[in-house]
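Participant: You'll find upload27.cif just under this line, and it carries mmCIF, C-alpha atoms and all ligand atoms.
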```
data_input
loop_
_atom_site.label_atom_id
_atom_site.label_comp_id
_atom_site.auth_asym_id
_atom_site.auth_seq_id
_atom_site.Cartn_x
_atom_site.Cartn_y
_atom_site.Cartn_z
CA MET A 711 75.81 163.19 60.57
CA GLN A 712 76.85 165.25 63.61
CA VAL A 713 80.20 163.98 64.88
CA LEU A 714 82.05 164.89 68.09
CA VAL A 715 85.82 164.70 67.60
CA THR A 716 87.93 164.79 70.76
CA GLY A 717 91.59 165.79 70.42
CA ALA A 718 90.45 167.70 67.32
CA ALA A 719 93.53 169.95 67.26
CA GLY A 720 95.99 167.05 67.38
CA PHE A 721 97.71 165.11 64.62
CA ILE A 722 95.19 162.39 63.75
CA GLY A 723 92.15 164.25 65.14
CA SER A 724 92.62 167.32 62.92
CA ASN A 725 93.05 165.12 59.84
CA ALA A 726 89.80 163.35 60.78
CA VAL A 727 87.99 166.68 61.21
CA ASP A 728 89.01 167.75 57.69
CA ALA A 729 87.88 164.41 56.22
CA LEU A 730 84.48 164.59 57.96
CA LEU A 731 83.89 168.17 56.80
CA ALA A 732 84.93 167.23 53.25
CA ARG A 733 82.28 164.50 53.11
CA GLY A 734 79.57 166.86 54.39
CA ASP A 735 79.25 166.00 58.08
CA ARG A 736 78.77 168.55 60.86
CA VAL A 737 81.66 168.43 63.32
CA ARG A 738 82.04 169.57 66.92
CA GLY A 739 85.73 169.51 67.81
CA VAL A 740 86.99 169.57 71.38
CA ASP A 741 90.58 169.99 72.57
CA ALA A 742 92.29 171.16 75.77
CA PHE A 743 95.57 172.14 74.05
CA LEU A 744 97.75 170.05 76.37
CA ASP A 745 101.28 171.45 76.37
CA TYR A 746 102.96 168.17 75.30
CA TYR A 747 103.77 170.17 72.17
CA PRO A 748 103.06 173.84 71.32
CA ARG A 749 99.55 175.22 71.02
CA ALA A 750 100.62 177.21 67.94
CA VAL A 751 101.19 173.92 66.06
CA LYS A 752 97.71 172.70 67.01
CA GLU A 753 96.11 176.01 66.05
CA ARG A 754 97.65 175.62 62.58
CA ASN A 755 96.21 172.08 62.38
CA LEU A 756 92.74 173.58 62.92
CA ARG A 757 93.07 176.57 60.61
CA ALA A 758 91.10 175.20 57.64
CA ALA A 759 88.40 173.65 59.83
CA ARG A 760 87.81 176.87 61.77
CA ALA A 761 86.89 178.64 58.53
CA HIS A 762 84.30 175.95 57.67
CA PRO A 763 80.63 176.73 58.46
CA ALA A 764 79.89 173.11 59.54
CA PHE A 765 82.64 173.17 62.21
CA GLU A 766 82.19 174.23 65.81
CA PHE A 767 85.13 174.27 68.24
CA VAL A 768 84.96 173.93 72.02
CA GLU A 769 88.05 174.36 74.16
CA ALA A 770 87.49 171.97 77.07
CA ASP A 771 89.25 169.34 79.16
CA LEU A 772 87.57 165.91 79.19
CA VAL A 773 88.92 165.29 82.69
CA THR A 774 87.09 168.23 84.27
CA ALA A 775 84.48 169.73 81.90
CA GLU A 776 80.77 169.01 82.02
CA LEU A 777 80.46 166.65 79.05
CA ALA A 778 76.69 166.30 78.47
CA PRO A 779 76.40 169.55 76.43
CA LEU A 780 79.22 168.37 74.13
CA LEU A 781 77.14 165.33 73.20
CA ASP A 782 74.01 167.29 72.37
CA GLY A 783 72.70 166.09 68.96
CA VAL A 784 75.75 163.87 68.36
CA ASP A 785 75.42 160.67 66.27
CA ALA A 786 79.04 159.52 66.49
CA VAL A 787 82.11 160.20 68.66
CA LEU A 788 85.69 159.85 67.43
CA HIS A 789 87.78 159.82 70.60
CA PHE A 790 91.37 160.82 69.80
CA ALA A 791 92.12 162.94 72.89
CA ALA A 792 94.95 161.41 74.90
CA GLN A 793 98.30 162.07 76.43
CA ALA A 794 100.40 160.40 73.73
CA GLY A 795 104.06 159.36 73.74
CA VAL A 796 105.68 156.22 75.14
CA ARG A 797 108.92 157.62 76.54
CA ALA A 798 107.45 160.42 78.65
CA SER A 799 105.03 158.06 80.40
CA TRP A 800 107.54 156.84 83.01
CA GLY A 801 107.88 158.56 86.39
CA ARG A 802 105.96 161.57 87.65
CA ASP A 803 104.15 162.38 84.43
CA PHE A 804 102.27 159.08 84.60
CA ARG A 805 99.62 161.03 86.49
CA ILE A 806 98.75 162.95 83.30
CA TYR A 807 98.48 159.69 81.34
CA ALA A 808 96.23 158.12 83.93
CA ASP A 809 94.03 161.23 84.15
CA VAL A 810 93.58 161.85 80.44
CA ASN A 811 93.69 158.34 79.00
CA VAL A 812 91.77 156.50 81.69
CA LEU A 813 89.64 159.01 83.61
CA GLY A 814 88.98 161.20 80.54
CA THR A 815 87.84 158.15 78.55
CA GLN A 816 85.65 156.88 81.40
CA ARG A 817 83.96 160.30 81.81
CA LEU A 818 83.27 160.51 78.08
CA LEU A 819 81.82 156.98 77.97
CA GLU A 820 79.66 157.73 81.00
CA ALA A 821 78.31 160.85 79.27
CA CYS A 822 77.52 158.69 76.21
CA THR A 823 75.22 156.33 78.13
CA ALA A 824 72.25 158.70 77.69
CA ARG A 825 72.35 159.04 73.89
CA ARG A 826 74.53 156.03 72.95
CA PRO A 827 76.23 157.45 69.86
CA ARG A 828 78.57 155.30 67.76
CA PHE A 829 81.91 155.58 69.59
CA VAL A 830 85.34 154.95 68.05
CA TYR A 831 88.28 154.76 70.45
CA SER A 832 91.88 155.36 69.37
CA SER A 833 93.83 152.48 70.82
CA SER A 834 97.42 151.58 70.03
CA SER A 835 99.75 148.77 68.99
CA SER A 836 101.60 149.62 72.23
CA ILE A 837 99.03 147.52 74.14
CA TYR A 838 100.75 144.40 72.73
CA GLY A 839 104.25 145.16 74.03
CA ASP A 840 106.79 142.78 72.46
CA ALA A 841 104.23 140.53 70.80
CA PRO A 842 105.28 136.87 70.56
CA ASP A 843 103.88 136.48 67.03
CA LEU A 844 104.19 138.67 63.94
CA PRO A 845 101.94 139.60 62.27
CA THR A 846 100.03 140.08 65.51
CA VAL A 847 96.34 139.18 65.71
CA GLU A 848 93.83 140.95 67.95
CA THR A 849 93.41 137.92 70.25
CA THR A 850 97.08 138.06 71.34
CA LEU A 851 97.42 138.50 75.10
CA PRO A 852 98.15 142.23 75.63
CA ARG A 853 101.35 142.84 77.62
CA PRO A 854 102.29 146.53 77.29
CA VAL A 855 105.94 147.42 78.01
CA SER A 856 105.26 151.11 78.76
CA PRO A 857 102.98 152.90 81.23
CA TYR A 858 101.43 154.66 78.21
CA GLY A 859 100.46 151.26 76.77
CA VAL A 860 98.87 150.29 80.09
CA THR A 861 96.64 153.39 80.04
CA LYS A 862 95.61 152.84 76.41
CA LEU A 863 94.70 149.24 77.25
CA ALA A 864 92.67 150.41 80.25
CA GLY A 865 90.75 152.75 77.91
CA GLU A 866 90.06 149.85 75.58
CA HIS A 867 88.69 147.73 78.44
CA LEU A 868 86.45 150.61 79.48
CA CYS A 869 85.07 150.78 75.92
CA ARG A 870 84.28 147.06 75.89
CA LEU A 871 82.68 147.35 79.31
CA TYR A 872 80.44 150.30 78.34
CA ALA A 873 79.41 148.39 75.19
CA GLN A 874 78.47 145.30 77.21
CA SER A 875 76.89 146.90 80.25
CA ALA A 876 75.55 150.24 79.02
CA GLY A 877 74.85 149.59 75.34
CA VAL A 878 77.25 152.25 74.01
CA PRO A 879 78.30 150.90 70.58
CA THR A 880 82.08 151.26 70.98
CA VAL A 881 84.78 150.14 68.55
CA SER A 882 88.50 150.24 69.38
CA LEU A 883 91.11 150.72 66.65
CA ARG A 884 94.70 149.73 67.45
CA TYR A 885 96.84 152.01 65.26
CA PHE A 886 100.38 150.98 64.38
CA THR A 887 102.77 154.02 64.25
CA VAL A 888 100.84 156.65 62.32
CA TYR A 889 102.73 159.15 60.14
CA GLY A 890 102.00 161.84 57.53
CA PRO A 891 101.20 165.58 57.48
CA ARG A 892 100.79 167.16 60.98
CA GLN A 893 102.62 164.27 62.68
CA ARG A 894 103.52 165.08 66.30
CA PRO A 895 106.96 166.69 66.73
CA ASP A 896 108.12 163.96 69.16
CA MET A 897 107.54 161.15 66.63
CA ALA A 898 110.41 159.56 64.73
CA PHE A 899 109.60 160.54 61.11
CA HIS A 900 108.95 164.15 62.12
CA ARG A 901 112.24 164.34 64.06
CA PHE A 902 114.19 162.62 61.27
CA VAL A 903 112.83 164.74 58.43
CA ARG A 904 113.01 168.05 60.30
CA SER A 905 116.63 167.50 61.42
CA HIS A 906 117.63 166.41 57.94
CA LEU A 907 115.92 169.36 56.19
CA GLU A 908 117.51 171.77 58.68
CA GLY A 909 120.95 170.30 57.95
CA ARG A 910 121.45 168.51 61.28
CA ALA A 911 122.32 164.87 62.01
CA VAL A 912 119.37 162.59 62.78
CA THR A 913 119.28 160.91 66.21
CA VAL A 914 118.36 157.22 66.00
CA TYR A 915 117.77 155.13 69.11
CA ASP A 916 119.21 151.61 68.98
CA ASP A 917 120.76 150.01 65.86
CA GLY A 918 118.00 151.07 63.43
CA LEU A 919 117.17 147.44 62.66
CA GLN A 920 113.99 147.67 64.75
CA THR A 921 110.93 147.45 62.50
CA ARG A 922 107.53 149.12 62.51
CA ASP A 923 104.32 148.67 60.61
CA PHE A 924 103.95 152.33 59.58
CA THR A 925 100.41 153.58 58.89
CA TYR A 926 99.53 156.63 56.81
CA VAL A 927 97.28 159.09 58.64
CA GLY A 928 94.72 159.12 55.80
CA ASP A 929 94.38 155.36 56.19
CA ALA A 930 93.92 155.66 59.97
CA VAL A 931 91.19 158.27 59.39
CA ALA A 932 89.50 156.04 56.78
CA ALA A 933 89.39 153.23 59.35
CA ASN A 934 87.55 155.57 61.75
CA LEU A 935 84.92 156.46 59.14
CA LEU A 936 84.34 152.79 58.32
CA ALA A 937 84.24 151.86 62.01
CA ILE A 938 81.35 154.32 62.52
CA GLU A 939 79.34 152.54 59.82
CA ARG A 940 80.36 148.91 60.14
CA GLY A 941 82.24 148.21 63.39
CA SER A 942 80.52 145.69 65.65
CA ALA A 943 79.85 146.92 69.19
CA GLY A 944 82.56 146.12 71.74
CA SER A 945 85.05 144.97 69.11
CA VAL A 946 88.75 145.70 68.51
CA TYR A 947 90.57 146.00 65.15
CA ASN A 948 94.23 146.37 64.21
CA VAL A 949 94.94 149.27 61.85
CA GLY A 950 98.39 148.80 60.30
CA GLY A 951 99.88 150.16 57.08
CA GLY A 952 100.79 146.74 55.76
CA SER A 953 104.50 147.21 55.11
CA ARG A 954 106.90 146.30 57.91
CA VAL A 955 110.06 148.36 57.42
CA SER A 956 113.21 148.94 59.49
CA VAL A 957 114.11 152.41 60.73
CA ASN A 958 117.32 152.24 58.66
CA ASP A 959 115.28 151.60 55.50
CA VAL A 960 113.15 154.65 56.30
CA LEU A 961 116.30 156.76 56.65
CA GLY A 962 117.46 155.49 53.25
CA MET A 963 114.11 156.45 51.75
CA ILE A 964 114.26 159.96 53.27
CA GLY A 965 117.72 160.33 51.69
CA GLU A 966 116.37 159.28 48.28
CA LEU A 967 113.30 161.51 48.47
CA THR A 968 115.34 164.59 49.47
CA GLY A 969 118.28 163.83 47.15
CA ARG A 970 120.81 163.85 50.01
CA PRO A 971 121.92 160.99 52.32
CA VAL A 972 120.84 161.26 55.94
CA GLU A 973 123.58 161.76 58.55
CA VAL A 974 122.87 159.53 61.56
CA ARG A 975 123.88 159.79 65.24
CA ARG A 976 123.09 156.66 67.25
CA GLU A 977 121.88 156.61 70.85
CA GLU A 978 120.91 153.83 73.23
CA ARG A 979 117.61 152.00 73.03
CA GLN A 980 114.93 153.80 75.08
CA ARG A 981 112.95 152.20 77.87
CA GLY A 982 109.45 151.19 76.71
CA ASP A 983 110.38 150.95 73.00
CA VAL A 984 109.39 147.64 71.43
CA ARG A 985 111.64 145.91 68.91
CA ASP A 986 109.22 145.02 66.12
CA THR A 987 105.57 145.59 65.26
CA HIS A 988 103.50 144.11 62.47
CA ALA A 989 99.70 144.10 62.35
CA SER A 990 97.48 141.35 61.07
CA THR A 991 94.71 143.37 59.42
CA GLU A 992 92.53 140.43 58.34
CA LEU A 993 89.75 141.37 60.76
CA ALA A 994 89.53 145.03 59.68
CA ARG A 995 89.56 143.94 56.04
CA ALA A 996 86.79 141.39 56.57
CA GLU A 997 84.49 143.31 58.93
CA LEU A 998 85.14 146.98 58.13
CA GLY A 999 86.08 146.60 54.47
CA TRP A 1000 89.19 148.63 55.29
CA ARG A 1001 92.58 148.29 53.66
CA PRO A 1002 95.64 150.55 53.73
CA ALA A 1003 95.77 152.56 50.51
CA THR A 1004 98.96 154.62 50.85
CA ALA A 1005 102.42 153.14 50.24
CA LEU A 1006 105.20 154.22 52.61
CA ARG A 1007 107.16 156.06 49.93
CA GLU A 1008 104.13 158.10 48.88
CA GLY A 1009 103.11 158.91 52.47
CA LEU A 1010 106.65 159.84 53.44
CA ALA A 1011 106.86 162.19 50.45
CA ALA A 1012 103.66 163.89 51.69
CA GLU A 1013 105.12 164.32 55.19
CA ILE A 1014 108.37 165.75 53.79
CA GLU A 1015 106.38 168.21 51.66
CA TRP A 1016 104.34 169.31 54.68
CA LEU A 1017 107.45 169.77 56.86
CA ARG A 1018 109.15 171.81 54.10
CA GLY A 1019 106.15 174.14 54.28
CA GLU A 1020 106.25 174.32 58.08
CA ILE A 1021 109.96 175.17 58.11
CA ALA A 1022 109.54 177.80 55.39
CA ALA A 1023 106.57 179.37 57.24
CA ALA A 1024 108.57 179.57 60.49
CA ARG A 1025 111.41 181.35 58.68
CA ALA A 1026 109.13 183.82 56.89
N1 LIG B 1 100.25 158.90 66.43
C1 LIG B 1 100.33 157.59 66.53
O1 LIG B 1 101.18 156.94 65.91
C2 LIG B 1 99.37 156.82 67.39
C3 LIG B 1 99.52 155.44 67.48
C4 LIG B 1 98.62 154.71 68.26
C5 LIG B 1 97.61 155.37 68.93
N2 LIG B 1 97.50 156.73 68.85
C6 LIG B 1 96.40 157.36 69.57
O2 LIG B 1 95.73 158.22 68.65
C7 LIG B 1 95.20 159.35 69.35
C8 LIG B 1 95.67 160.63 68.67
O3 LIG B 1 97.10 160.68 68.73
P1 LIG B 1 97.92 161.87 68.08
O4 LIG B 1 99.23 161.31 67.64
O5 LIG B 1 97.06 162.61 67.12
O6 LIG B 1 98.19 162.78 69.38
P2 LIG B 1 98.11 164.36 69.59
O7 LIG B 1 98.81 164.63 70.88
O8 LIG B 1 98.58 165.08 68.37
O9 LIG B 1 96.55 164.62 69.74
C9 LIG B 1 95.85 164.44 70.94
C10 LIG B 1 95.08 165.73 71.22
O10 LIG B 1 94.26 165.51 72.37
C11 LIG B 1 94.24 166.69 73.13
N3 LIG B 1 93.89 166.34 74.52
C12 LIG B 1 94.65 165.63 75.38
N4 LIG B 1 94.04 165.50 76.56
C13 LIG B 1 92.85 166.14 76.45
C14 LIG B 1 91.77 166.34 77.36
N5 LIG B 1 91.81 165.90 78.62
N6 LIG B 1 90.69 167.03 76.91
C15 LIG B 1 90.64 167.49 75.63
N7 LIG B 1 91.66 167.33 74.74
C16 LIG B 1 92.75 166.67 75.15
C17 LIG B 1 95.65 167.25 73.01
O11 LIG B 1 95.70 168.65 73.29
C18 LIG B 1 95.97 166.93 71.55
O12 LIG B 1 95.69 168.02 70.68
C19 LIG B 1 95.63 159.20 70.79
O13 LIG B 1 94.58 158.60 71.50
C20 LIG B 1 96.82 158.25 70.71
O14 LIG B 1 96.98 157.53 71.91
C21 LIG B 1 98.36 157.46 68.10
#
```
Let me see the file written as structure tokens.
Facilitator:
Amino acid sequence: MQVLVTGAAGFIGSNAVDALLARGDRVRGVDAFLDYYPRAVKERNLRAARAHPAFEFVEADLVTAELAPLLDGVDAVLHFAAQAGVRASWGRDFRIYADVNVLGTQRLLEACTARRPRFVYSSSSSIYGDAPDLPTVETTLPRPVSPYGVTKLAGEHLCRLYAQSAGVPTVSLRYFTVYGPRQRPDMAFHRFVRSHLEGRAVTVYDDGLQTRDFTYVGDAVAANLLAIERGSAGSVYNVGGGSRVSVNDVLGMIGELTGRPVEVRREERQRGDVRDTHASTELARAELGWRPATALREGLAAEIEWLRGEIAAARA
């Protein structure tokens, strides 16, 4: 299969590229290297793929580039490219979120109307906001509590619309807090583990009793591969790791895995942060045959190992 992966240099996208190459697909990766975090980090994410003969990389911006050539020969699109991050989406920078997450997605879908490849969109649990029911099912009324969540929901609606009206077989996956090797530097586990390994106190927003349904990146990638094969057009699936854990419990686990308790500095709750998330994954299990395979402890150990390597490489 020839697969176009957008956001190929990012956290989840680069893990997906490696998985596709490992199973023998041909991959065209596209990324604009947005400066939300350093290009050098993203270049490292791509290092193995760039050496692979079945990988082709195109540096391009989905908001401005001519997209038809990118889709040449493509059977499936995994659309990860986005301006991520809840907290930075307030205020002036909303323009970037609207451009990339809404306009970029619309342009890509429009370009797909000619060839109609399988199309998997990276949505987010943030579209739910503070969901009234846990575990949350896909039919819950979406009420995002951040501008980021609003743009991700708009992208999802565009996918459904292009499935209905233009026959592009889109599937949206709502990931719940993804973690693991290559996790973005602004995300909680990355910040916690890096600070702790570098001997600094860990900053925790709120009382640490907020809970998340943490999802290992390998499981999120597996959901994408299954969605290509089995997802029904225009549909939406939750992708959650299956264990709802408090931030304080995660800190305890990091202490155990590193053999040293984590020193914590508390700060106020941040605007746009939800209190609890927990996915119902019945639909993905039934229709995609997907289930989370990596326990939190195991996945966290893999992220710690990766960050140890990153810190050592930066010091060398
Ligand atoms: N990480 C999570 O926990 C999580 C949770 C829910 C949803 N998501 C979604 O998953 C996707 C991947 O997230 P991530 O954490 O890997 O983020 P990331 O920032 O690491 O990766 C996104 C990549 O897209 C690229 N990009 C952005 N705009 C682009 C454009 N206009 N043209 C080309 N490339 C562009 C960026 O340079 C970046 O490398 C995003 O759509 C995000 O909204 C992530």
Participant: Neighbours of ligand LIG 1 (chain B) at 7 Å or closer, counting only C-alpha atoms and all ligand atoms: which residues, as a CSV table (one decimal) with C-alpha atoms, in the coordinates of the input?
Facilitator:
```csv
chain,number,residue,atom,x,y,z
A,716,THR,CA,87.9,164.8,70.8
A,717,GLY,CA,91.6,165.8,70.4
A,718,ALA,CA,90.4,167.7,67.3
A,719,ALA,CA,93.5,170.0,67.3
A,720,GLY,CA,96.0,167.0,67.4
A,721,PHE,CA,97.7,165.1,64.6
A,722,ILE,CA,95.2,162.4,63.8
A,723,GLY,CA,92.2,164.2,65.1
A,740,VAL,CA,87.0,169.6,71.4
A,741,ASP,CA,90.6,170.0,72.6
A,742,ALA,CA,92.3,171.2,75.8
A,743,PHE,CA,95.6,172.1,74.0
A,744,LEU,CA,97.8,170.0,76.4
A,745,ASP,CA,101.3,171.4,76.4
A,752,LYS,CA,97.7,172.7,67.0
A,770,ALA,CA,87.5,172.0,77.1
A,771,ASP,CA,89.2,169.3,79.2
A,772,LEU,CA,87.6,165.9,79.2
A,773,VAL,CA,88.9,165.3,82.7
A,789,HIS,CA,87.8,159.8,70.6
A,790,PHE,CA,91.4,160.8,69.8
A,791,ALA,CA,92.1,162.9,72.9
A,792,ALA,CA,95.0,161.4,74.9
A,793,GLN,CA,98.3,162.1,76.4
A,794,ALA,CA,100.4,160.4,73.7
A,810,VAL,CA,93.6,161.8,80.4
A,814,GLY,CA,89.0,161.2,80.5
A,832,SER,CA,91.9,155.4,69.4
A,833,SER,CA,93.8,152.5,70.8
A,834,SER,CA,97.4,151.6,70.0
A,835,SER,CA,99.8,148.8,69.0
A,862,LYS,CA,95.6,152.8,76.4
A,884,ARG,CA,94.7,149.7,67.4
A,885,TYR,CA,96.8,152.0,65.3
A,886,PHE,CA,100.4,151.0,64.4
A,887,THR,CA,102.8,154.0,64.2
A,888,VAL,CA,100.8,156.6,62.3
A,889,TYR,CA,102.7,159.2,60.1
A,893,GLN,CA,102.6,164.3,62.7
A,894,ARG,CA,103.5,165.1,66.3
```
Participant: Contacts of Gly739 (chain A) at 7 Å or less, counting only C-alpha atoms, minus same-chain residues fewer than 4 places along, as number ranges by chain?
Facilitator: A: 714-716, 718, 766-768
Participant: Enter the distance from CA of Glu820 (chain A) to CA of Ala943 (chain A), in Å, rounded to one decimal.
Facilitator: 16.0 Å
Participant: Nearest residue to Ala1012 (chain A) out of A:Arg754, A:His900, A:His867, A:Arg733, using all atoms listed in the file?
Facilitator: A:His900
Participant: Residues of region 811-901 of chain A that have any atom at most 7 Å from an atom of region 980-995 of chain A: could you tabulate them with the shortest-distance atom pair and the distance in Å to one decimal, using all atoms listed in the file, ordered by chain and increasing number, as CSV?
Facilitator:
```
residue,atom,partner,partner_atom,distance
A:Gly839,CA,A:Val984,CA,6.3
A:Asp840,CA,A:Val984,CA,5.6
A:Leu844,CA,A:His988,CA,5.7
A:Pro845,CA,A:His988,CA,4.8
A:Thr846,CA,A:Ala989,CA,5.1
A:Val847,CA,A:Ser990,CA,5.2
A:Val855,CA,A:Gly982,CA,5.3
A:Ser856,CA,A:Gly982,CA,4.7
```
Participant: Keeping only C-alpha atoms, write the selected residues to a file as a PDB file, in the frame of the given file.
Facilitator:
```pdb
ATOM      1  CA  GLY A 839     104.250 145.160  74.030  1.00  0.00           C
ATOM      2  CA  ASP A 840     106.790 142.780  72.460  1.00  0.00           C
ATOM      3  CA  LEU A 844     104.190 138.670  63.940  1.00  0.00           C
ATOM      4  CA  PRO A 845     101.940 139.600  62.270  1.00  0.00           C
ATOM      5  CA  THR A 846     100.030 140.080  65.510  1.00  0.00           C
ATOM      6  CA  VAL A 847      96.340 139.180  65.710  1.00  0.00           C
ATOM      7  CA  VAL A 855     105.940 147.420  78.010  1.00  0.00           C
ATOM      8  CA  SER A 856     105.260 151.110  78.760  1.00  0.00           C
TER       9      SER A 856
END
```
Participant: Hey, which of A:Val927, A:Val972, A:Val957, A:Ala937 ends up closest to Thr1004 (chain A)? Count all atoms listed in the file.
Facilitator: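 Closest residue, counting all atoms listed in the file: A:Val927.
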